[in-house]
Amino acid sequence: MRRHRSTAGPLAAVYLLLVVYASLYPFTGWRWPAGQSLWELLALPWPPWRDRFDEWANLLGYLPLGALLAAAVLRHGAGSGRALAAGILVPAMLSFLTEFVQNFIPGRHPSLRDWSLNAAGAVVGAALAWLLQRLGLYDRWQRVRERWFVRDGSGAIALILLWPVALLFPTPVPLGLGQVFHEVRLFVEEALAGTPWAEAASAGFGPGLGPTKALPAAREAVAIGLGMLAPCLLAAVVTRAGVRRLLMPIGAAALALATMTLSTALNFGPAHAWAWLTPVTLPAIGGATLLGLLAATLGPRVTAALGLVVLTALVAIVSDAPADPYYAASLQSWEVGSFIRFHGLAQWVGWFWPYAAMAWLVARLARRE
């Protein structure tokens, strides 16, 4: 079978990391369970209680992982046996490992039922990937992809597909991804607490309190525009010239409107679905879309360089934006342990999406044409 550069591999890697995050959240309070040996901990218990949400979440949560892993192996040119083995065994082993590690996290309960549902989800996902291969849908997708995108754009396509996922977590300003500075500061201060370097490290981050005043309207508009323009430029780098490249900014604008509305409805209720539309939002998105259309006429290397500038400016501006004051209150209406863990996945994608996009663009510019 001919090998293809596939987005399934990068997406599987990202999804695997997010599954680990969801399984081991909140990563604090590690301790060895009193009175239990290693062998007792390895024997996962079958819990007497049942939670329908958790059962469906455990089943469906591992289905995409099994499908992506199997699809990645198939697209790499391996046979069906290896693809099914990768799509089933890797998620099953990962699930058992994370269930075992949950023994050491207060508030988490390892469960043989959870592992069984995870493994069953991986089986279904791998089988679906195999079925799609047998039906020839991968080859059809490959032909569509070759018409629309350049050959080596897998990483950028994966980032474009992850962009709406990142927007599902409330951002400091609409489309303002990458506000991770405060989290890095807290992590460094906690890691160095009690050491001689703690004070110097804390001072290096500047004042301790985060921003409390809202961004001026002009800076907010710039941040929204940059957040809209960034995926347009990323898509332009890997989309083939012509009408296809011109359609990308229009599609990105429609996707941004739909995703931000969905995110606001999920976090603050359907009645507030359009609350994210400030007086500067639509003009900023419209202006960025027009700039994206203009950038579609430029060469890929120039577009990649502009993308780096836009992403750098975006993270610089959103680092000065205050956190959404309504988000903390909205979390109280959700059940801890179900929604929050999965909602946190979108938060991590939103934190690191701009930096992953910058890394890809740097690698693209450093490569010889």
# chains A, B, ... in the order shown; residues from 1 in each chain; ligands from 1
$ residues_around --residues "region 306-317 of chain A" --least-positions-apart "5" --cutoff "7 Å" --atoms "only C-alpha atoms" --output "VMD selection string"
chain A and resid 178 to 179 223 226 to 227 230 233 to 234 354 358 361
$ residues_around --residues "region 291-297 of chain A" --least-positions-apart "5" --cutoff "7 Å" --atoms "only C-alpha atoms" --output "MDAnalysis selection string"
chainID A and resid 229 232:233 236 245:246 249 303
$ write_last_selection --atoms "C-alpha atoms" --output "JSON list (two decimals), in the first residue's frame"
[["chain", "number", "residue", "atom", "x", "y", "z"],
["A", 229, "LEU", "CA", -6.41, 36.22, 10.87],
["A", 232, "CYS", "CA", -6.55, 32.15, 7.79],
["A", 233, "LEU", "CA", -2.81, 32.64, 7.25],
["A", 236, "ALA", "CA", -3.21, 29.87, 3.17],
["A", 245, "ARG", "CA", -7.39, 29.59, -0.98],
["A", 246, "LEU", "CA", -9.94, 32.42, -1.23],
["A", 249, "PRO", "CA", -10.99, 32.93, 5.17],
["A", 303, "THR", "CA", 2.25, 34.15, 4.29]]
$ residues_around --residues "Val150 (chain A)" --least-positions-apart "5" --cutoff "8 Å" --atoms "only C-alpha atoms" --output "MDAnalysis selection string"
chainID A and resid 238:240
$ write_last_selection --atoms "N, CA and C atoms" --output "JSON list (two decimals), in the first residue's frame"
[["chain", "number", "residue", "atom", "x", "y", "z"],
["A", 238, "VAL", "N", -0.87, 26.23, 3.35],
["A", 238, "VAL", "CA", -0.95, 24.84, 2.89],
["A", 238, "VAL", "C", -2.05, 24.60, 1.87],
["A", 239, "THR", "N", -2.84, 25.63, 1.55],
["A", 239, "THR", "CA", -3.91, 25.48, 0.57],
["A", 239, "THR", "C", -3.39, 25.84, -0.82],
["A", 240, "ARG", "N", -3.77, 25.08, -1.80],
["A", 240, "ARG", "CA", -3.32, 25.35, -3.16],
["A", 240, "ARG", "C", -3.92, 26.66, -3.67]]
$ atom_distance --atom1 "CA of Thr259 (chain A)" --atom2 "CA of Ile224 (chain A)"
14.2 Å
$ residues_around --residues "Trp351 (chain A)" --least-positions-apart "3" --cutoff "12 Å" --atoms "only C-alpha atoms" --output "number ranges by chain"
A: 162-163, 165-172, 175-184, 315, 318-319, 344-348, 354-357
$ closest_residue --among "A:Trp49, A:Ala72, A:Asp139, A:Val349" --to "Tyr21 (chain A)" --atoms "only C-alpha atoms"
A:Val349
$ atom_distance --atom1 "CA of Ser154 (chain A)" --atom2 "CA of Thr289 (chain A)"
23.4 Å
$ select_by_dssp --residues "region 107-339 of chain A" --states "alpha helix (DSSP H)" --output "VMD selection string"
chain A and resid 112 to 134 137 to 148 154 to 166 181 to 191 198 to 204 217 to 238 243 to 268 281 to 295 300 to 318 327 to 331 339
$ residues_around --residues "region 83-91 of chain A" --least-positions-apart "4" --cutoff "9 Å" --atoms "only C-alpha atoms" --output "count of residues only"
28
$ residues_around --residues "Glu146 (chain A)" --least-positions-apart "2" --cutoff "12 Å" --atoms "only C-alpha atoms" --output "list of chain:residue names"
A:His4, A:Arg5, A:Ser6, A:Asp139, A:Arg140, A:Trp141, A:Gln142, A:Arg143, A:Val144, A:Trp148, A:Phe149, A:Val150, A:Arg151, A:Asp152, A:Gly153, A:Ser154, A:Val238, A:Thr239, A:Arg240, A:Arg244
$ write_last_selection --atoms "C-alpha atoms" --output "JSON list (two decimals), in the first residue's frame"
[["chain", "number", "residue", "atom", "x", "y", "z"],
["A", 4, "HIS", "CA", 0.40, 8.99, 2.58],
["A", 5, "ARG", "CA", 1.12, 11.97, 4.78],
["A", 6, "SER", "CA", -1.90, 11.94, 7.06],
["A", 139, "ASP", "CA", -8.60, 7.19, -0.97],
["A", 140, "ARG", "CA", -11.46, 9.54, -1.77],
["A", 141, "TRP", "CA", -10.36, 11.87, 1.03],
["A", 142, "GLN", "CA", -6.78, 11.67, -0.25],
["A", 143, "ARG", "CA", -7.89, 12.81, -3.70],
["A", 144, "VAL", "CA", -9.85, 15.70, -2.19],
["A", 148, "TRP", "CA", -7.05, 21.37, -1.91],
["A", 149, "PHE", "CA", -3.80, 21.14, 0.07],
["A", 150, "VAL", "CA", -0.08, 20.83, -0.58],
["A", 151, "ARG", "CA", 1.58, 17.50, 0.09],
["A", 152, "ASP", "CA", 3.38, 18.28, 3.37],
["A", 153, "GLY", "CA", 0.64, 20.19, 5.20],
["A", 154, "SER", "CA", -0.46, 17.51, 7.69],
["A", 238, "VAL", "CA", -0.95, 24.84, 2.89],
["A", 239, "THR", "CA", -3.91, 25.48, 0.57],
["A", 240, "ARG", "CA", -3.32, 25.35, -3.16],
["A", 244, "ARG", "CA", -9.72, 27.25, -2.83]]
$ residues_around --residues "Pro110 (chain A)" --least-positions-apart "3" --cutoff "12 Å" --atoms "only C-alpha atoms" --output "list in words"
Ser23, Leu24, Glu40, Leu41, Leu42, Ala43, Leu44, Pro45, Trp46, Pro47, Ser95, Phe96, Leu97, Thr98, Glu99, Phe100, Val101, Gln102, Asn103, Phe104, Ile105, Pro106, Gly107, Arg113, Asp114, Trp115 and Ser116 of chain A
$ atom_distance --atom1 "CA of Val14 (chain A)" --atom2 "CA of Gly61 (chain A)"
13.5 Å
